[in-house]
$ cat target12.csv   # CSV, C-alpha atoms
chain,number,residue,atom,x,y,z
O,23,MET,CA,24.8,-17.4,9.8
O,24,GLY,CA,28.4,-17.9,8.7
O,25,TRP,CA,29.6,-14.6,10.0
O,26,ILE,CA,27.8,-15.0,13.4
O,27,GLU,CA,29.7,-18.3,13.9
O,28,SER,CA,32.9,-16.6,12.9
O,29,VAL,CA,32.3,-13.8,15.5
O,30,ASP,CA,31.4,-16.4,18.1
O,31,GLN,CA,34.6,-18.3,17.3
O,32,THR,CA,36.7,-15.0,17.6
O,33,ASN,CA,35.1,-14.2,20.9
O,34,ALA,CA,35.8,-17.7,22.2
O,35,ASP,CA,39.4,-17.4,21.0
O,36,LEU,CA,39.8,-14.0,22.7
O,37,ALA,CA,38.2,-15.3,25.9
O,38,GLY,CA,40.6,-18.2,25.8
O,39,GLN,CA,43.6,-16.0,25.4
O,40,ALA,CA,42.4,-13.7,28.2
O,41,ASP,CA,42.0,-16.7,30.5
O,42,GLN,CA,45.5,-17.9,29.6
O,43,ALA,CA,47.0,-14.5,30.3
O,44,ALA,CA,45.2,-14.3,33.6
O,45,ASN,CA,46.3,-17.7,34.6
O,46,GLU,CA,49.9,-16.9,33.7
O,47,LEU,CA,49.8,-13.7,35.7
O,48,SER,CA,48.2,-15.4,38.8
O,49,ALA,CA,50.8,-18.2,38.5
O,50,ARG,CA,53.6,-15.7,38.8
O,51,PRO,CA,54.9,-15.6,42.4
O,52,ASN,CA,54.5,-12.5,44.4
O,53,LEU,CA,58.0,-11.5,45.3
O,54,THR,CA,57.0,-9.9,48.6
O,55,ASP,CA,55.3,-13.2,49.6
O,56,VAL,CA,58.5,-15.1,48.6
O,57,PHE,CA,60.6,-12.6,50.6
O,58,LEU,CA,58.5,-13.2,53.7
O,59,ALA,CA,58.6,-17.0,53.2
O,60,GLU,CA,62.4,-16.9,52.8
O,61,ARG,CA,63.2,-14.4,55.5
O,62,GLU,CA,64.8,-17.0,57.8
O,63,ARG,CA,67.2,-18.0,55.1
O,64,LEU,CA,68.0,-14.3,54.3
O,65,LYS,CA,68.6,-13.6,58.0
O,66,ARG,CA,71.0,-16.5,57.9
O,67,ILE,CA,72.9,-14.9,55.1
O,68,VAL,CA,73.3,-11.6,56.8
O,69,ALA,CA,74.4,-13.4,60.0
O,70,GLY,CA,76.9,-15.5,58.0
O,71,MET,CA,78.3,-12.4,56.3
O,72,GLY,CA,79.0,-10.9,59.7
O,73,LEU,CA,76.4,-8.2,60.0
O,74,SER,CA,75.2,-7.4,63.4
O,75,ALA,CA,71.4,-7.7,64.1
O,76,SER,CA,70.8,-3.9,63.5
O,77,ASP,CA,72.9,-3.8,60.4
O,78,GLY,CA,71.3,-7.0,59.1
O,79,GLU,CA,67.8,-5.5,59.8
O,80,ASP,CA,68.8,-2.4,57.7
O,81,ALA,CA,70.1,-4.6,54.9
O,82,LEU,CA,66.9,-6.7,54.8
O,83,GLN,CA,64.7,-3.6,54.9
O,84,ASP,CA,66.5,-2.5,51.7
O,85,VAL,CA,66.0,-5.9,50.2
O,86,SER,CA,62.3,-5.8,51.0
O,87,ILE,CA,62.0,-2.4,49.3
O,88,GLN,CA,63.7,-3.8,46.2
O,89,ALA,CA,61.4,-6.8,46.3
O,90,LEU,CA,58.4,-4.4,46.3
O,91,GLN,CA,59.7,-2.7,43.2
O,92,ARG,CA,60.2,-6.0,41.3
O,93,ARG,CA,56.9,-7.6,42.3
O,94,ASP,CA,55.5,-10.0,39.7
O,95,VAL,CA,58.7,-9.9,37.6
O,96,PHE,CA,59.8,-13.5,38.0
O,97,ALA,CA,58.3,-16.4,36.2
O,98,ASP,CA,58.6,-18.9,39.1
O,99,LYS,CA,59.4,-19.2,42.7
O,100,ALA,CA,62.8,-20.7,42.3
O,101,GLU,CA,63.9,-17.7,40.2
O,102,SER,CA,62.5,-15.3,42.8
O,103,VAL,CA,64.4,-17.0,45.6
O,104,ARG,CA,67.6,-16.9,43.6
O,105,TRP,CA,67.2,-13.2,43.0
O,106,LEU,CA,66.5,-12.5,46.7
O,107,ILE,CA,69.5,-14.4,47.8
O,108,LYS,CA,71.7,-12.6,45.3
O,109,VAL,CA,70.4,-9.2,46.3
O,110,THR,CA,70.9,-10.0,50.0
O,111,VAL,CA,74.5,-11.2,49.4
O,112,ASN,CA,75.3,-8.1,47.3
O,113,ARG,CA,73.8,-5.8,49.9
O,114,CYS,CA,75.8,-7.1,52.8
O,115,PRO,CA,79.2,-5.5,51.9
O,116,MET,CA,77.5,-2.1,51.5
O,117,GLU,CA,77.1,-1.9,55.3
O,118,HIS,CA,79.3,0.8,56.7
O,119,ARG,CA,80.0,-1.2,59.8
O,120,ARG,CA,80.5,-4.4,57.9
O,121,ARG,CA,81.1,-7.7,59.6
O,122,ARG,CA,80.5,-6.2,63.0
O,123,SER,CA,79.6,-9.5,64.5
O,124,PHE,CA,83.0,-10.9,63.5
O,125,GLN,CA,84.6,-8.2,65.6
O,126,ARG,CA,83.5,-10.1,68.7
O,127,HIS,CA,86.5,-11.8,70.1
O,128,ALA,CA,86.8,-15.5,70.6
O,129,GLY,CA,86.6,-15.3,74.4
O,130,GLU,CA,83.3,-13.4,74.2
O,131,ILE,CA,82.0,-15.8,71.6
O,132,LEU,CA,82.7,-18.7,73.9
O,133,ARG,CA,81.2,-17.0,76.9
O,134,ARG,CA,78.0,-16.1,74.9
O,135,ARG,CA,77.9,-19.7,73.7
O,136,GLN,CA,77.8,-20.9,77.2
O,137,GLU,CA,75.3,-18.3,78.3
O,138,ILE,CA,72.8,-18.5,75.5
O,139,GLY,CA,73.4,-22.0,74.4
O,140,THR,CA,74.0,-21.6,70.7
O,141,GLN,CA,75.3,-25.1,70.3
O,142,SER,CA,73.7,-27.0,67.4
O,143,ASP,CA,73.7,-30.6,66.4
O,144,ARG,CA,75.6,-29.9,63.2
O,145,ILE,CA,78.7,-28.8,65.1
O,146,ASP,CA,80.8,-31.3,66.9
O,147,VAL,CA,83.1,-29.1,68.8
O,148,LYS,CA,84.0,-30.8,71.9
O,149,ALA,CA,86.6,-28.4,73.2
O,150,ILE,CA,87.0,-25.1,71.4
O,151,ALA,CA,90.4,-23.6,72.0
O,152,ALA,CA,90.0,-19.8,72.1
O,153,GLU,CA,93.3,-19.3,70.3
O,154,GLU,CA,92.2,-21.3,67.2
O,155,LEU,CA,88.8,-19.8,67.3
O,156,GLU,CA,90.4,-16.3,67.3
O,157,ILE,CA,92.5,-17.2,64.2
O,158,VAL,CA,89.4,-18.3,62.3
O,159,ARG,CA,87.5,-15.3,63.4
O,160,GLU,CA,90.2,-12.9,62.3
O,161,THR,CA,90.5,-14.8,59.0
O,162,LEU,CA,86.8,-14.5,58.4
O,163,GLN,CA,87.0,-10.8,59.2
O,164,GLU,CA,89.6,-10.3,56.5
O,165,LEU,CA,88.4,-12.7,53.9
O,166,ASP,CA,87.4,-11.3,50.5
O,167,GLY,CA,83.6,-10.7,50.4
O,168,SER,CA,83.1,-12.9,47.3
O,169,LEU,CA,84.8,-15.8,49.0
O,170,LEU,CA,82.9,-15.3,52.2
O,171,ALA,CA,79.6,-15.2,50.3
O,172,LEU,CA,80.4,-18.6,48.8
O,173,LEU,CA,81.3,-20.1,52.1
O,174,VAL,CA,78.1,-18.8,53.7
O,175,LEU,CA,75.8,-20.1,50.9
O,176,ARG,CA,77.6,-23.5,50.8
O,177,TYR,CA,78.2,-24.3,54.4
O,178,PHE,CA,75.7,-22.1,56.4
O,179,CYS,CA,72.7,-22.1,54.0
O,180,ASP,CA,73.4,-25.6,52.6
O,181,LEU,CA,73.2,-24.7,48.9
O,182,ASN,CA,75.1,-27.0,46.6
O,183,SER,CA,77.6,-25.7,44.0
O,184,THR,CA,75.0,-25.8,41.2
O,185,GLU,CA,72.5,-23.7,43.1
O,186,ILE,CA,75.2,-21.3,44.1
O,187,GLY,CA,76.3,-21.0,40.5
O,188,LYS,CA,72.8,-20.1,39.5
O,189,VAL,CA,72.4,-17.5,42.2
O,190,LEU,CA,75.8,-15.8,41.6
O,191,ASP,CA,76.0,-16.4,37.8
O,192,LEU,CA,79.1,-18.5,38.1
O,193,ASN,CA,79.8,-21.8,36.5
O,194,GLN,CA,80.1,-24.8,38.8
O,195,SER,CA,83.8,-25.3,38.4
O,196,THR,CA,84.4,-21.6,39.4
O,197,VAL,CA,82.3,-22.1,42.5
O,198,ARG,CA,84.2,-25.2,43.4
O,199,SER,CA,87.6,-23.6,42.9
O,200,ARG,CA,86.7,-20.5,44.8
O,201,LEU,CA,85.3,-22.5,47.6
O,202,ARG,CA,88.5,-24.5,47.7
O,203,GLU,CA,90.5,-21.3,47.8
O,204,ALA,CA,88.4,-20.0,50.7
O,205,ARG,CA,88.7,-23.2,52.7
O,206,MET,CA,92.4,-23.5,52.1
O,207,ILE,CA,92.9,-19.9,53.4
O,208,LEU,CA,91.1,-20.8,56.6
O,209,ALA,CA,92.8,-24.1,57.0
O,210,GLY,CA,96.2,-22.6,56.1
O,211,GLN,CA,95.9,-19.9,58.7
O,212,LEU,CA,95.3,-22.6,61.4
O,213,MET,CA,98.3,-24.5,60.2
O,214,GLN,CA,100.6,-21.6,59.7
O,215,ARG,CA,100.1,-20.1,63.1
O,216,GLY,CA,101.2,-23.3,64.8
O,217,ILE,CA,97.9,-24.8,65.9
O,218,GLU,CA,98.0,-28.5,65.8
O,219,PRO,CA,95.0,-29.8,63.8
X,28,MET,CA,104.8,-40.0,48.3
X,29,THR,CA,106.0,-37.5,45.7
X,30,GLU,CA,105.4,-33.8,45.9
X,31,MET,CA,103.4,-34.0,42.8
X,32,SER,CA,101.0,-36.5,44.2
X,33,CYS,CA,100.5,-34.3,47.2
X,34,ARG,CA,99.6,-31.4,45.0
X,35,GLU,CA,97.1,-33.6,43.2
X,36,ILE,CA,95.7,-34.7,46.5
X,37,GLU,CA,95.4,-31.1,47.7
X,38,GLN,CA,93.2,-30.3,44.7
X,39,MET,CA,90.9,-33.2,45.7
X,40,LEU,CA,91.0,-32.7,49.4
X,41,LEU,CA,88.0,-30.4,49.7
X,42,ASP,CA,85.8,-32.6,47.6
X,43,TYR,CA,87.0,-35.5,49.7
X,44,ALA,CA,86.2,-33.7,52.9
X,45,ASP,CA,82.7,-32.7,51.5
X,46,GLY,CA,82.0,-36.3,50.3
X,47,GLN,CA,81.9,-35.2,46.7
X,48,LEU,CA,84.4,-37.7,45.2
X,49,SER,CA,83.6,-40.9,43.5
X,50,PRO,CA,84.2,-44.0,45.6
X,51,GLU,CA,87.3,-44.9,43.5
X,52,ARG,CA,88.8,-41.4,43.9
X,53,SER,CA,87.9,-41.3,47.5
X,54,SER,CA,89.8,-44.6,48.1
X,55,GLU,CA,92.9,-43.2,46.4
X,56,VAL,CA,92.8,-40.1,48.5
X,57,ALA,CA,92.3,-42.2,51.7
X,58,GLU,CA,95.2,-44.4,50.8
X,59,HIS,CA,97.4,-41.3,50.2
X,60,LEU,CA,96.3,-39.8,53.5
X,61,ALA,CA,97.2,-42.9,55.5
X,62,GLY,CA,100.8,-42.5,54.5
X,63,CYS,CA,101.2,-38.7,54.3
X,64,ARG,CA,101.3,-36.7,57.4
X,65,ARG,CA,101.3,-33.4,55.6
X,66,CYS,CA,98.1,-34.1,53.7
X,67,SER,CA,96.3,-35.6,56.6
X,68,ASP,CA,97.1,-32.5,58.7
X,69,ALA,CA,95.7,-30.4,55.9
X,70,LEU,CA,92.5,-32.4,55.9
X,71,LYS,CA,92.2,-32.0,59.7
X,72,ALA,CA,92.8,-28.3,59.4
X,73,LEU,CA,90.1,-28.1,56.7
X,74,GLN,CA,87.6,-29.9,58.9
X,75,ARG,CA,88.5,-28.1,62.1
X,76,SER,CA,88.4,-24.6,60.5
X,77,LEU,CA,84.9,-25.3,59.1
X,78,GLU,CA,83.8,-26.3,62.6
X,79,LEU,CA,85.2,-23.1,64.0
X,80,VAL,CA,83.6,-21.0,61.3
X,81,GLN,CA,80.3,-22.6,62.1
X,82,VAL,CA,80.8,-21.5,65.8
X,83,VAL,CA,81.4,-17.9,64.7
X,84,TRP,CA,78.4,-18.0,62.3
X,85,GLU,CA,76.1,-19.5,65.0
X,86,ASP,CA,77.1,-16.7,67.3
X,87,GLY,CA,76.0,-14.2,64.7
X,88,TRP,CA,72.9,-16.2,64.0
X,89,ALA,CA,71.9,-16.0,67.7
X,90,ASP,CA,71.9,-12.2,67.3
X,91,ALA,CA,70.0,-12.4,64.0
X,92,GLN,CA,67.0,-13.9,65.7
X,93,ALA,CA,66.3,-10.3,66.9
X,94,ILE,CA,65.9,-9.1,63.3
X,95,HIS,CA,62.4,-7.9,62.8
X,96,ILE,CA,60.9,-8.0,59.3
X,97,SER,CA,57.5,-6.5,58.9
X,98,LYS,CA,54.8,-8.8,57.5
X,99,GLN,CA,53.0,-5.8,56.1
X,100,VAL,CA,55.1,-5.8,52.9
X,101,LYS,CA,52.3,-5.6,50.4
X,102,THR,CA,52.1,-3.0,47.7
X,103,ARG,CA,52.3,-2.5,43.9
X,104,GLY,CA,55.4,-1.5,42.0
X,105,ILE,CA,57.2,1.8,42.6
X,106,PRO,CA,58.0,3.9,39.6
X,107,ARG,CA,61.7,4.4,38.7
X,108,TRP,CA,61.5,8.2,39.0
X,109,ALA,CA,60.6,7.8,42.6
X,110,TYR,CA,63.8,5.8,43.3
X,111,ALA,CA,65.8,8.5,41.5
X,112,THR,CA,64.1,11.1,43.7
X,113,ALA,CA,64.9,9.0,46.8
X,114,ALA,CA,68.5,8.8,45.7
X,115,ALA,CA,68.7,12.5,45.2
X,116,VAL,CA,67.2,13.1,48.6
X,117,LEU,CA,69.6,10.7,50.1
X,118,ALA,CA,72.6,12.4,48.5
X,119,VAL,CA,71.5,15.8,49.7
X,120,ALA,CA,70.8,14.5,53.2
X,121,ALA,CA,74.2,12.8,53.3
X,122,CYS,CA,76.0,16.0,52.2
X,123,TRP,CA,74.0,18.1,54.6
X,124,ALA,CA,74.7,15.7,57.4
X,125,PHE,CA,78.4,15.6,56.6
X,126,TRP,CA,78.6,19.4,56.4
X,127,HIS,CA,76.6,19.7,59.6
X,128,TYR,CA,78.8,17.5,61.6
X,129,LEU,CA,82.0,19.1,60.2
X,130,ASN,CA,80.8,22.6,61.0
X,131,ARG,CA,78.8,22.1,64.1
X,132,PRO,CA,80.4,23.6,67.3
X,133,ALA,CA,80.8,20.7,69.6
X,134,PRO,CA,81.1,21.1,73.4
X,135,GLN,CA,83.7,18.3,73.4
X,136,PRO,CA,86.0,17.4,70.6
X,137,LEU,CA,84.5,14.6,68.5
X,138,THR,CA,86.6,11.7,67.4
X,139,VAL,CA,86.7,10.9,63.7
X,140,ALA,CA,85.1,7.6,64.4
X,141,GLU,CA,82.2,9.3,66.2
X,142,ILE,CA,81.7,11.6,63.3
X,143,GLU,CA,81.8,8.7,60.9
X,144,ARG,CA,79.3,6.8,62.9
X,145,ARG,CA,76.9,9.8,63.1
X,146,VAL,CA,77.2,10.5,59.4
X,147,ALA,CA,76.5,6.8,58.7
X,148,ASP,CA,73.4,6.9,60.9
X,149,GLU,CA,72.2,10.1,59.3
X,150,GLY,CA,72.7,8.6,55.9
X,151,MET,CA,71.0,5.3,56.7
X,152,ALA,CA,68.1,7.0,58.4
X,153,ALA,CA,67.6,9.4,55.5
X,154,ARG,CA,67.7,6.5,53.1
X,155,LEU,CA,65.1,4.5,55.0
X,156,LEU,CA,62.9,7.7,55.4
X,157,ALA,CA,63.1,8.4,51.6
X,158,ALA,CA,62.1,4.8,50.8
X,159,THR,CA,59.2,5.1,53.3
X,160,GLU,CA,58.0,8.4,51.9
X,161,LEU,CA,57.7,6.7,48.5
X,162,LEU,CA,55.1,4.4,50.0
X,163,ALA,CA,53.4,7.0,52.2
X,164,GLY,CA,50.6,7.8,49.8
X,165,LYS,CA,49.6,4.2,49.1
X,166,PRO,CA,46.6,3.0,51.1
X,167,TYR,CA,47.7,-0.6,50.9
X,168,ALA,CA,51.0,0.2,52.4
X,169,LYS,CA,49.6,2.1,55.4
X,170,GLU,CA,50.8,-0.4,58.1
X,171,LEU,CA,54.2,-0.9,56.5
X,172,VAL,CA,54.7,2.9,56.4
X,173,LYS,CA,53.7,3.3,60.0
X,174,SER,CA,56.1,0.5,61.2
X,175,GLN,CA,58.9,2.0,59.1
X,176,TYR,CA,58.5,5.4,60.7
X,177,ASN,CA,58.5,3.8,64.1
X,178,TYR,CA,61.6,1.8,63.2
X,179,ILE,CA,63.5,5.0,62.1
X,180,VAL,CA,62.5,6.7,65.3
X,181,GLU,CA,63.6,3.8,67.5
X,182,ARG,CA,66.7,2.9,65.6
X,183,TYR,CA,68.1,6.3,64.8
X,184,PRO,CA,66.5,8.6,67.5
X,185,SER,CA,69.0,11.5,67.2
X,186,THR,CA,68.8,11.9,63.4
X,187,GLU,CA,67.0,14.5,61.4
X,188,ALA,CA,65.1,11.7,59.6
X,189,ALA,CA,63.8,10.5,63.0
X,190,ALA,CA,62.5,14.0,63.8
X,191,THR,CA,60.7,14.0,60.4
X,192,ALA,CA,59.4,10.5,61.1
X,193,LYS,CA,58.0,11.6,64.4
X,194,THR,CA,56.1,14.4,62.8
X,195,ARG,CA,54.8,12.0,60.2
X,196,ILE,CA,53.6,9.6,62.9
X,197,ARG,CA,51.8,12.4,64.6
$ encode --input "target12.csv" --output "structure tokens"
Amino acid sequence: MGWIESVDQTNADLAGQADQAANELSARPNLTDVFLAERERLKRIVAGMGLSASDGEDALQDVSIQALQRRDVFADKAESVRWLIKVTVNRCPMEHRRRRSFQRHAGEILRRRQEIGTQSDRIDVKAIAAEELEIVRETLQELDGSLLALLVLRYFCDLNSTEIGKVLDLNQSTVRSRLREARMILAGQLMQRGIEP
Amino acid sequence: MTEMSCREIEQMLLDYADGQLSPERSSEVAEHLAGCRRCSDALKALQRSLELVQVVWEDGWADAQAIHISKQVKTRGIPRWAYATAAAVLAVAACWAFWHYLNRPAPQPLTVAEIERRVADEGMAARLLAATELLAGKPYAKELVKSQYNYIVERYPSTEAAATAKTRIR
């Protein structure tokens, strides 16, 4: 009877290992599901990076294809989300007509703002002077892509420095110093060109 | 205030504006700002420029609402060789498109910008077509493939890829 018990035990062990493997596999997030769940955030990134709607759509189509390829690769959802954000950020500068939405002049932005009512609670802009908006728009247009990405993730997608560091493989102090550099460039342009803050 | 202390404050100004400083540090910065016009102007410029950046971003965000993402994205992994094939197809298509537009007799002289735009469209359409073709044989990707073909036809109607996509739809 001893060997029968031994076989039963082996079978039970194998069944347990199979269950564990199946559970681990089913616990892995489906990247395409995560992509769909995160699409608003990804749209926000492409908008923040200055892509027009059509360019942004092309970029996100590409990201979705990459997500299909890497389905079931990541161990948890947070890791999947970080990967999607990173791929989207890296994809944006590849656009041929990059930052096309930043080419819209300040006057047009202000007119559209009135027409389609894009005001939000987070912006307290009582009176926007077209001249200073134009300076900031031009600076954004010319800003280095890596600095722009940091600005977008921090101030448009509300990620903190630690999260940004994980996404872009940077340490927190580097994130902070580059964010400072980007913000100082923007502020400096406003000050240098004679606009009273 | 000394120049040095202004430099030190400048290093902390962003953290101050973002509310990232400790209460003690924050008090020190506030005290400096009360007596230093240069640094307080810099703080105002930091805050104002971010407000204006948000205005530009929100303008783009209004456009981004129109971005359509298919909810049919469901399939299994795609082998690496298929991506290599797609890349090769893309490269050939891009070369062909470039050659075609350089050698094509045009009724009116094309500008360099127009050629560049058309080449970019041909390249992007070919790229999307190649990616779609990879999924075309998969039964679980049927809806996605259909929507991708339609997208190529609508977005890049005058390209070779759109012509191919039309035949695939038919």
$ atom_distance --input "target12.csv" --atom1 "CA of Arg144 (chain X)" --atom2 "CA of Thr159 (chain X)"
22.3 Å
$ closest_residue --input "target12.csv" --among "X:Met39, X:Leu77, X:Ala113, X:Ala91" --to "Ile67 (chain O)" --atoms "only C-alpha atoms"
X:Ala91
$ atom_distance --input "target12.csv" --atom1 "CA of Arg215 (chain O)" --atom2 "CA of Glu154 (chain O)"
9.0 Å
$ closest_atom_pairs --input "target12.csv" --of "chain O" --to "chain X" --cutoff "8 Å" --atoms "only C-alpha atoms" --output "CSV"
residue,atom,partner,partner_atom,distance
O:Thr54,CA,X:Val100,CA,6.2
O:Leu58,CA,X:Lys98,CA,6.9
O:Arg61,CA,X:Ile96,CA,7.8
O:Lys65,CA,X:Ala91,CA,6.3
O:Arg66,CA,X:Trp88,CA,6.4
O:Val68,CA,X:Ala91,CA,8.0
O:Ala69,CA,X:Gly87,CA,5.0
O:Gly70,CA,X:Trp84,CA,5.2
O:Gly72,CA,X:Gly87,CA,6.7
O:Leu73,CA,X:Gly87,CA,7.6
O:Ser74,CA,X:Gly87,CA,7.0
O:Ala75,CA,X:Ala91,CA,4.9
O:Ser76,CA,X:Ile94,CA,7.1
O:Gly78,CA,X:Ile94,CA,7.2
O:Glu79,CA,X:Ile94,CA,5.4
O:Leu82,CA,X:Ile96,CA,7.6
O:Gln83,CA,X:Ile96,CA,7.3
O:Asp84,CA,X:Leu155,CA,7.9
O:Ser86,CA,X:Val100,CA,7.4
O:Ile87,CA,X:Ala158,CA,7.4
O:Leu90,CA,X:Gly104,CA,6.0
O:Gln91,CA,X:Gly104,CA,4.6
O:Arg92,CA,X:Gly104,CA,6.6
O:Arg93,CA,X:Gly104,CA,6.3
O:His118,CA,X:Ala147,CA,6.9
O:Ser123,CA,X:Gly87,CA,5.9
O:Phe124,CA,X:Val83,CA,7.3
O:Ile131,CA,X:Asp86,CA,6.6
O:Arg134,CA,X:Asp86,CA,7.7
O:Arg135,CA,X:Asp86,CA,7.1
O:Thr140,CA,X:Glu85,CA,6.4
O:Gln141,CA,X:Glu85,CA,7.8
O:Ile145,CA,X:Glu78,CA,6.2
O:Asp146,CA,X:Glu78,CA,7.2
O:Val147,CA,X:Glu78,CA,6.8
O:Ile150,CA,X:Leu79,CA,7.9
O:Glu154,CA,X:Leu79,CA,7.9
O:Leu155,CA,X:Leu79,CA,5.9
O:Val158,CA,X:Val80,CA,6.5
O:Arg159,CA,X:Val83,CA,6.8
O:Leu162,CA,X:Val80,CA,7.8
O:Phe178,CA,X:Gln81,CA,7.3
O:Arg202,CA,X:Leu41,CA,6.2
O:Arg205,CA,X:Leu73,CA,6.5
O:Met206,CA,X:Leu73,CA,6.9
O:Leu208,CA,X:Ser76,CA,6.1
O:Ala209,CA,X:Leu73,CA,4.8
O:Gly210,CA,X:Ala72,CA,7.4
O:Leu212,CA,X:Ala72,CA,6.5
O:Met213,CA,X:Ala72,CA,6.7
O:Pro219,CA,X:Ala72,CA,5.1
$ write_last_selection --input "target12.csv" --atoms "C-alpha atoms" --output "CSV table (one decimal), in the coordinates of the input"
chain,number,residue,atom,x,y,z
O,54,THR,CA,57.0,-9.9,48.6
O,58,LEU,CA,58.5,-13.2,53.7
O,61,ARG,CA,63.2,-14.4,55.5
O,65,LYS,CA,68.6,-13.6,58.0
O,66,ARG,CA,71.0,-16.5,57.9
O,68,VAL,CA,73.3,-11.6,56.8
O,69,ALA,CA,74.4,-13.4,60.0
O,70,GLY,CA,76.9,-15.5,58.0
O,72,GLY,CA,79.0,-10.9,59.7
O,73,LEU,CA,76.4,-8.2,60.0
O,74,SER,CA,75.2,-7.4,63.4
O,75,ALA,CA,71.4,-7.7,64.1
O,76,SER,CA,70.8,-3.9,63.5
O,78,GLY,CA,71.3,-7.0,59.1
O,79,GLU,CA,67.8,-5.5,59.8
O,82,LEU,CA,66.9,-6.7,54.8
O,83,GLN,CA,64.7,-3.6,54.9
O,84,ASP,CA,66.5,-2.5,51.7
O,86,SER,CA,62.3,-5.8,51.0
O,87,ILE,CA,62.0,-2.4,49.3
O,90,LEU,CA,58.4,-4.4,46.3
O,91,GLN,CA,59.7,-2.7,43.2
O,92,ARG,CA,60.2,-6.0,41.3
O,93,ARG,CA,56.9,-7.6,42.3
O,118,HIS,CA,79.3,0.8,56.7
O,123,SER,CA,79.6,-9.5,64.5
O,124,PHE,CA,83.0,-10.9,63.5
O,131,ILE,CA,82.0,-15.8,71.6
O,134,ARG,CA,78.0,-16.1,74.9
O,135,ARG,CA,77.9,-19.7,73.7
O,140,THR,CA,74.0,-21.6,70.7
O,141,GLN,CA,75.3,-25.1,70.3
O,145,ILE,CA,78.7,-28.8,65.1
O,146,ASP,CA,80.8,-31.3,66.9
O,147,VAL,CA,83.1,-29.1,68.8
O,150,ILE,CA,87.0,-25.1,71.4
O,154,GLU,CA,92.2,-21.3,67.2
O,155,LEU,CA,88.8,-19.8,67.3
O,158,VAL,CA,89.4,-18.3,62.3
O,159,ARG,CA,87.5,-15.3,63.4
O,162,LEU,CA,86.8,-14.5,58.4
O,178,PHE,CA,75.7,-22.1,56.4
O,202,ARG,CA,88.5,-24.5,47.7
O,205,ARG,CA,88.7,-23.2,52.7
O,206,MET,CA,92.4,-23.5,52.1
O,208,LEU,CA,91.1,-20.8,56.6
O,209,ALA,CA,92.8,-24.1,57.0
O,210,GLY,CA,96.2,-22.6,56.1
O,212,LEU,CA,95.3,-22.6,61.4
O,213,MET,CA,98.3,-24.5,60.2
O,219,PRO,CA,95.0,-29.8,63.8
$ closest_residue --input "target12.csv" --among "O:Ala100, O:Gly129, O:Glu137, O:Thr184" --to "Ala151 (chain O)" --atoms "only C-alpha atoms"
O:Gly129
$ atom_distance --input "target12.csv" --atom1 "CA of Pro51 (chain O)" --atom2 "CA of Lys99 (chain O)"
5.8 Å
$ residues_around --input "target12.csv" --residues "Arg104 (chain O)" --least-positions-apart "5" --cutoff "10 Å" --atoms "all atoms listed in the file" --output "list in words"
Lys99, Val109, Thr110, Glu185, Ile186, Lys188, Val189 and Leu190 of chain O
$ closest_residue --input "target12.csv" --among "X:Leu48, X:Ala115, X:Ala157, X:Arg145" --to "Leu129 (chain X)" --atoms "all atoms listed in the file"
X:Arg145
$ closest_residue --input "target12.csv" --among "O:Val103, O:Met71, O:Val111, O:Leu201" --to "Gln125 (chain O)" --atoms "only C-alpha atoms"
O:Met71
$ residues_around --input "target12.csv" --residues "Arg52 (chain X)" --least-positions-apart "2" --cutoff "12 Å" --atoms "all atoms listed in the file" --output "short mmCIF file (atom, residue, chain, number, x, y, z; two decimals) with C-alpha atoms, keeping the file's coordinate frame"
data_model
loop_
_atom_site.label_atom_id
_atom_site.label_comp_id
_atom_site.auth_asym_id
_atom_site.auth_seq_id
_atom_site.Cartn_x
_atom_site.Cartn_y
_atom_site.Cartn_z
CA GLU X 35 97.10 -33.60 43.20
CA ILE X 36 95.70 -34.70 46.50
CA GLN X 38 93.20 -30.30 44.70
CA MET X 39 90.90 -33.20 45.70
CA LEU X 40 91.00 -32.70 49.40
CA ASP X 42 85.80 -32.60 47.60
CA TYR X 43 87.00 -35.50 49.70
CA GLY X 46 82.00 -36.30 50.30
CA GLN X 47 81.90 -35.20 46.70
CA LEU X 48 84.40 -37.70 45.20
CA SER X 49 83.60 -40.90 43.50
CA PRO X 50 84.20 -44.00 45.60
CA SER X 54 89.80 -44.60 48.10
CA GLU X 55 92.90 -43.20 46.40
CA VAL X 56 92.80 -40.10 48.50
CA ALA X 57 92.30 -42.20 51.70
CA GLU X 58 95.20 -44.40 50.80
CA HIS X 59 97.40 -41.30 50.20
#
